[in-house]
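Q: I am attaching a structure below and will ask some questions about it afterwards.
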Amino acid sequence: MEYVTLNNGIKMPMLGYGVYQVTNDECERCVRDALDVGYRSIDTAQAYGNEEAVGRGIKNSGVKRDDIFLTTKVWVSNGGYENAKKSIEESLKKLDTEYIDLLLIHQPFNDYYGTWRAMEEAYKIGYLRAIGVSNFYPDRLVDLCRFVEVTPAVNQVETHVFQQQKKAHEYMEKYDVQHESWGPFAEGRKDFFTNPTLTEIGAKYGKSAAQTALRFLIQSNVVVIPKSTHKERMEQNFDVFDFTLSAEDMAKIQALDEGESLFFSHYDPATVEMITGLHR
């Protein structure tokens with residue numbers, strides 16, 4: 001496993017396991033499987049509705065809690081100081097843990113400054129080892145970084161070979177915020193798993209298109225959290241540390257970047273209405 005040191009000195013695995021859209025019925029088993037494979041970073045969120053299952057999976061895995069890097073996220077409807085404070089307590093209970101390694105603001109909506117104050121407070125007490133954001137575009141990230149006491153440690157945004165977030169990455173590096181990817185496989189869109197460039201490059205190293213894409217992001221200093229409910233896929237996704245892409249191969253994959261989301265834009269009012277209307 002490769003690690004990155006966050007801006008507060010905490011170490012975070014470069015590869016983790018995400019549980020977005022993993023049902024409660026499957027989630028506990030999936031978390032146990034992932035930890036058995038060797039993953040030590042688990043990413044969930046209040047909005048996923050599976051924090052309790054994640055907590056059970058960790059508890060029943062046989063892996064020491066201190067060896068696991070656990071991430072969850074505060075949802076929009078829990079925005080603002082008081083609501084966020086309560087939701088942090090709820091997440092700690094649901095996850096059945098005394099601390100959370102990384103807590104993110106899930107979306108840059110509602111009173112996220114109030115949410116951040118509650119997170120800073122929990123961070124200082126020791127309930128949170130690191131705090132950060134998710135889905136913050138560069139303008140919102142810069143604004144937050146300039147006016148808070150504790151600089152975000154991480155920004156988790158849509159990042160894959162078709163949307164590499166090059167400009168956003170520059171600003172994250174400028175403000176010492178670690179870039180983390182959600183959707184590293186673009187959820188299979190644009191024939192991701194049979195992409196000719198990824199397939200051809202991967203063949204040189206005896207790797208799949210998916211493994212090549214993960215390696216590309218890791219070598220670009222982007223943390224990844226691929227999801228799968230199948231243990232053999234978890235093993236394949238984990239098997240990306242025994243090869244290094246050449247500069248030429250990196251350049252070929254960089255050329256796949258289209259610079260646009262395959263999912264949504266926060267600059268679209270209809271998208272904002274949809275996201276802010278979801279209550280969890």
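Each chain in the structure tokens gets a letter, A, B, ..., in the order shown, and its residues are numbered from 1; ligands are numbered from 1 in order too.
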Enumerate the residues of region 106-189 of chain A with a DSSP assignment of alpha helix (DSSP H), computed from the backbone, and present them as JSON, numbers by chain.
A: {"A": [112, 113, 114, 115, 116, 117, 118, 119, 120, 121, 122, 123, 124, 125, 138, 139, 140, 141, 142, 143, 144, 145, 146, 147, 166, 167, 168, 169, 170, 171, 172, 173, 174]}
Q: Keeping N, CA and C atoms, export the residues of the selection given above as a tab-separated table (two decimals), in the first residue's frame.
A:
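Okay, again-v9.tsv is ready:
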```tsv
chain	number	residue	atom	x	y	z
A	112	TYR	N	-22.55	25.78	4.90
A	112	TYR	CA	-21.38	24.91	5.07
A	112	TYR	C	-20.30	25.56	5.93
A	113	TYR	N	-20.37	26.87	6.12
A	113	TYR	CA	-19.44	27.49	7.08
A	113	TYR	C	-19.80	27.09	8.51
A	114	GLY	N	-21.09	27.04	8.81
A	114	GLY	CA	-21.53	26.56	10.12
A	114	GLY	C	-21.16	25.11	10.32
A	115	THR	N	-21.34	24.31	9.27
A	115	THR	CA	-20.94	22.90	9.32
A	115	THR	C	-19.45	22.79	9.61
A	116	TRP	N	-18.66	23.62	8.95
A	116	TRP	CA	-17.21	23.57	9.14
A	116	TRP	C	-16.82	23.94	10.57
A	117	ARG	N	-17.51	24.90	11.17
A	117	ARG	CA	-17.21	25.26	12.57
A	117	ARG	C	-17.46	24.07	13.49
A	118	ALA	N	-18.55	23.36	13.25
A	118	ALA	CA	-18.85	22.17	14.07
A	118	ALA	C	-17.78	21.10	13.86
A	119	MET	N	-17.31	20.97	12.63
A	119	MET	CA	-16.26	19.99	12.34
A	119	MET	C	-14.93	20.39	12.97
A	120	GLU	N	-14.60	21.67	12.91
A	120	GLU	CA	-13.37	22.15	13.55
A	120	GLU	C	-13.40	21.86	15.05
A	121	GLU	N	-14.55	22.08	15.64
A	121	GLU	CA	-14.71	21.84	17.09
A	121	GLU	C	-14.51	20.36	17.40
A	122	ALA	N	-15.15	19.48	16.63
A	122	ALA	CA	-15.01	18.04	16.84
A	122	ALA	C	-13.57	17.57	16.58
A	123	TYR	N	-12.92	18.22	15.63
A	123	TYR	CA	-11.52	17.92	15.31
A	123	TYR	C	-10.61	18.26	16.49
A	124	LYS	N	-10.84	19.41	17.09
A	124	LYS	CA	-10.00	19.84	18.22
A	124	LYS	C	-10.20	18.94	19.45
A	125	ILE	N	-11.42	18.44	19.61
A	125	ILE	CA	-11.72	17.54	20.73
A	125	ILE	C	-11.08	16.18	20.52
A	138	PRO	N	-13.20	24.57	-7.60
A	138	PRO	CA	-12.08	25.43	-7.18
A	138	PRO	C	-12.51	26.75	-6.55
A	139	ASP	N	-13.56	27.41	-7.09
A	139	ASP	CA	-13.96	28.70	-6.53
A	139	ASP	C	-14.44	28.57	-5.08
A	140	ARG	N	-15.25	27.54	-4.82
A	140	ARG	CA	-15.74	27.32	-3.44
A	140	ARG	C	-14.61	26.88	-2.52
A	141	LEU	N	-13.70	26.06	-3.03
A	141	LEU	CA	-12.59	25.57	-2.21
A	141	LEU	C	-11.68	26.72	-1.79
A	142	VAL	N	-11.33	27.59	-2.74
A	142	VAL	CA	-10.47	28.73	-2.42
A	142	VAL	C	-11.15	29.63	-1.39
A	143	ASP	N	-12.43	29.89	-1.58
A	143	ASP	CA	-13.19	30.73	-0.63
A	143	ASP	C	-13.12	30.15	0.77
A	144	LEU	N	-13.37	28.84	0.89
A	144	LEU	CA	-13.35	28.20	2.21
A	144	LEU	C	-11.95	28.25	2.81
A	145	CYS	N	-10.95	27.88	2.02
A	145	CYS	CA	-9.58	27.84	2.53
A	145	CYS	C	-9.12	29.19	3.09
A	146	ARG	N	-9.59	30.26	2.50
A	146	ARG	CA	-9.14	31.59	2.91
A	146	ARG	C	-9.79	32.09	4.19
A	147	PHE	N	-10.90	31.48	4.62
A	147	PHE	CA	-11.63	32.04	5.74
A	147	PHE	C	-11.90	31.08	6.89
A	166	LYS	N	-7.84	18.79	-13.96
A	166	LYS	CA	-6.48	19.35	-13.97
A	166	LYS	C	-6.40	20.73	-13.31
A	167	LYS	N	-7.34	21.62	-13.61
A	167	LYS	CA	-7.34	22.95	-12.99
A	167	LYS	C	-7.63	22.84	-11.50
A	168	ALA	N	-8.63	22.03	-11.15
A	168	ALA	CA	-8.95	21.83	-9.73
A	168	ALA	C	-7.74	21.27	-8.98
A	169	HIS	N	-7.02	20.33	-9.61
A	169	HIS	CA	-5.85	19.71	-9.00
A	169	HIS	C	-4.78	20.77	-8.70
A	170	GLU	N	-4.60	21.70	-9.62
A	170	GLU	CA	-3.63	22.78	-9.41
A	170	GLU	C	-3.96	23.58	-8.15
A	171	TYR	N	-5.24	23.91	-7.98
A	171	TYR	CA	-5.64	24.69	-6.81
A	171	TYR	C	-5.57	23.89	-5.53
A	172	MET	N	-5.86	22.59	-5.61
A	172	MET	CA	-5.71	21.75	-4.41
A	172	MET	C	-4.26	21.71	-3.98
A	173	GLU	N	-3.36	21.57	-4.95
A	173	GLU	CA	-1.93	21.56	-4.61
A	173	GLU	C	-1.50	22.91	-4.03
A	174	LYS	N	-2.00	24.00	-4.60
A	174	LYS	CA	-1.65	25.34	-4.13
A	174	LYS	C	-2.03	25.54	-2.66
```
Q: Using only C-alpha atoms for the distances, tell me which of A:Arg129, A:Lys86, A:Lys94, A:His106 is nearest to Ala47 (chain A).
A: A:His106
Q: Where does DSSP see strand (DSSP E or B) in region 47-102 of chain A, if you list the residues as a PyMOL selection string?
A: chain A and resi 69-74+100+102
Q: Once you count only C-alpha atoms, what closest atom pair and distance in Å to one decimal does each residue of region 182-241 of chain A within 10 Å of region 257-264 of chain A have, with rows by chain and rising residue number, as a tab-separated table?
A:
```
residue	atom	partner	partner_atom	distance
A:Gly183	CA	A:Phe263	CA	9.8
A:Ala186	CA	A:Leu262	CA	7.4
A:Glu187	CA	A:Leu262	CA	9.4
A:Arg189	CA	A:Leu262	CA	7.8
A:Lys190	CA	A:Leu262	CA	9.0
```
Q: What separation in Å, quoted to one decimal, exists between CA of Leu102 (chain A) and CA of Asn83 (chain A)?
A: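 It comes out at 18.4 Å.
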Q: Quick one: residues within 7 Å of region 207-221 of chain A, only C-alpha atoms counted, chain neighbours fewer than 2 positions away excluded, as a list in words?
A: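 So the residues in contact are Met14, Val161, Pro184, Phe185, Phe193, Thr194, Leu198, Thr199, Gly202, Ala203, Tyr205, Val223, Asn237, Val240 and Met250 of chain A.
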Q: Which polymer residues have any atom within 10 Å of an atom of region 273-275 of chain A, counting only C-alpha atoms, with same-chain residues fewer than 2 positions away left out, as a list in words?
A: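 Listed by chain and then number, they are Trp75, Val76, Ser77, Gln107, Phe109, His266, Asp268, Pro269, Ala270, Thr271, Gly277, Leu278 and His279 of chain A.
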Q: Applying 6 Å and only C-alpha atoms, which residues near Ile105 (chain A) remain after dropping the ones on its own chain fewer than 4 positions away? List them as a VMD selection string.
A: chain A and resid 73 to 74 133 to 134
Q: For the residues selected in the previous step, produce a file with C-alpha atoms as a compact mmCIF listing (two decimals), in the first residue's frame.
A:
```txt
# COMPACT_ATOMS: atom_id res chain seq x y z
CA LYS A 73 -19.59 12.78 5.12
CA VAL A 74 -22.10 15.34 6.45
CA VAL A 133 -14.79 18.59 1.75
CA SER A 134 -16.35 16.81 -1.21
```
Q: Smallest atom-to-atom distance to Ser181 (chain A): which of A:Gly62, A:Pro226, A:Gly49, A:Gly126, using only C-alpha atoms?
A: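 Smallest distance to Ser181 (chain A) is found for A:Pro226.
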Q: Give me the residues near Gly16 (chain A) as a ChimeraX atom specification, where near means some atom within 10 Å (using only C-alpha atoms) and where sequence neighbours in that chain fewer than 4 positions away do not count.
A: /A:1,12,34-35,38-43,69-71,223-227,237-238
Q: For region 26-32 of chain A, please output as a ChimeraX atom specification all residues within 6 Å (counting only C-alpha atoms; exclusion window: fewer than 4 positions along the same chain).
A: /A:22,53-54,57,61,229
Q: Measuring between only C-alpha atoms, which one of A:Val177, A:Val148, A:Val157, A:Ala255 shows the shortest distance to Gly132 (chain A)?
A: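 Using only C-alpha atoms, the shortest distance to Gly132 (chain A) belongs to A:Val177.
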Q: Under the rule that only C-alpha atoms are counted, which of A:Asp96, A:Asp111, A:Glu90, A:Glu51 is the nearest residue to Thr72 (chain A)?
A: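 Ranked by minimum distance to Thr72 (chain A), first place goes to A:Glu51.
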Q: Counting only C-alpha atoms, which of A:Tyr17, A:Phe136, A:Tyr48, A:Phe243 gets nearest to Asp33 (chain A)?
A: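 When distances to Asp33 (chain A) are compared using only C-alpha atoms, the smallest one comes from A:Tyr17.
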Q: Please, what distance in Å, to one decimal, runs between CA of Ser87 (chain A) and CA of Glu158 (chain A)?
A: 24.5 Å
Q: Given the choices A:Ala45, A:Ile58, A:Val19, A:Leu245, which gets closest to Gly206 (chain A) if the distance is worked out from only C-alpha atoms?
A: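 The answer is A:Leu245, which sits nearest to Gly206 (chain A).
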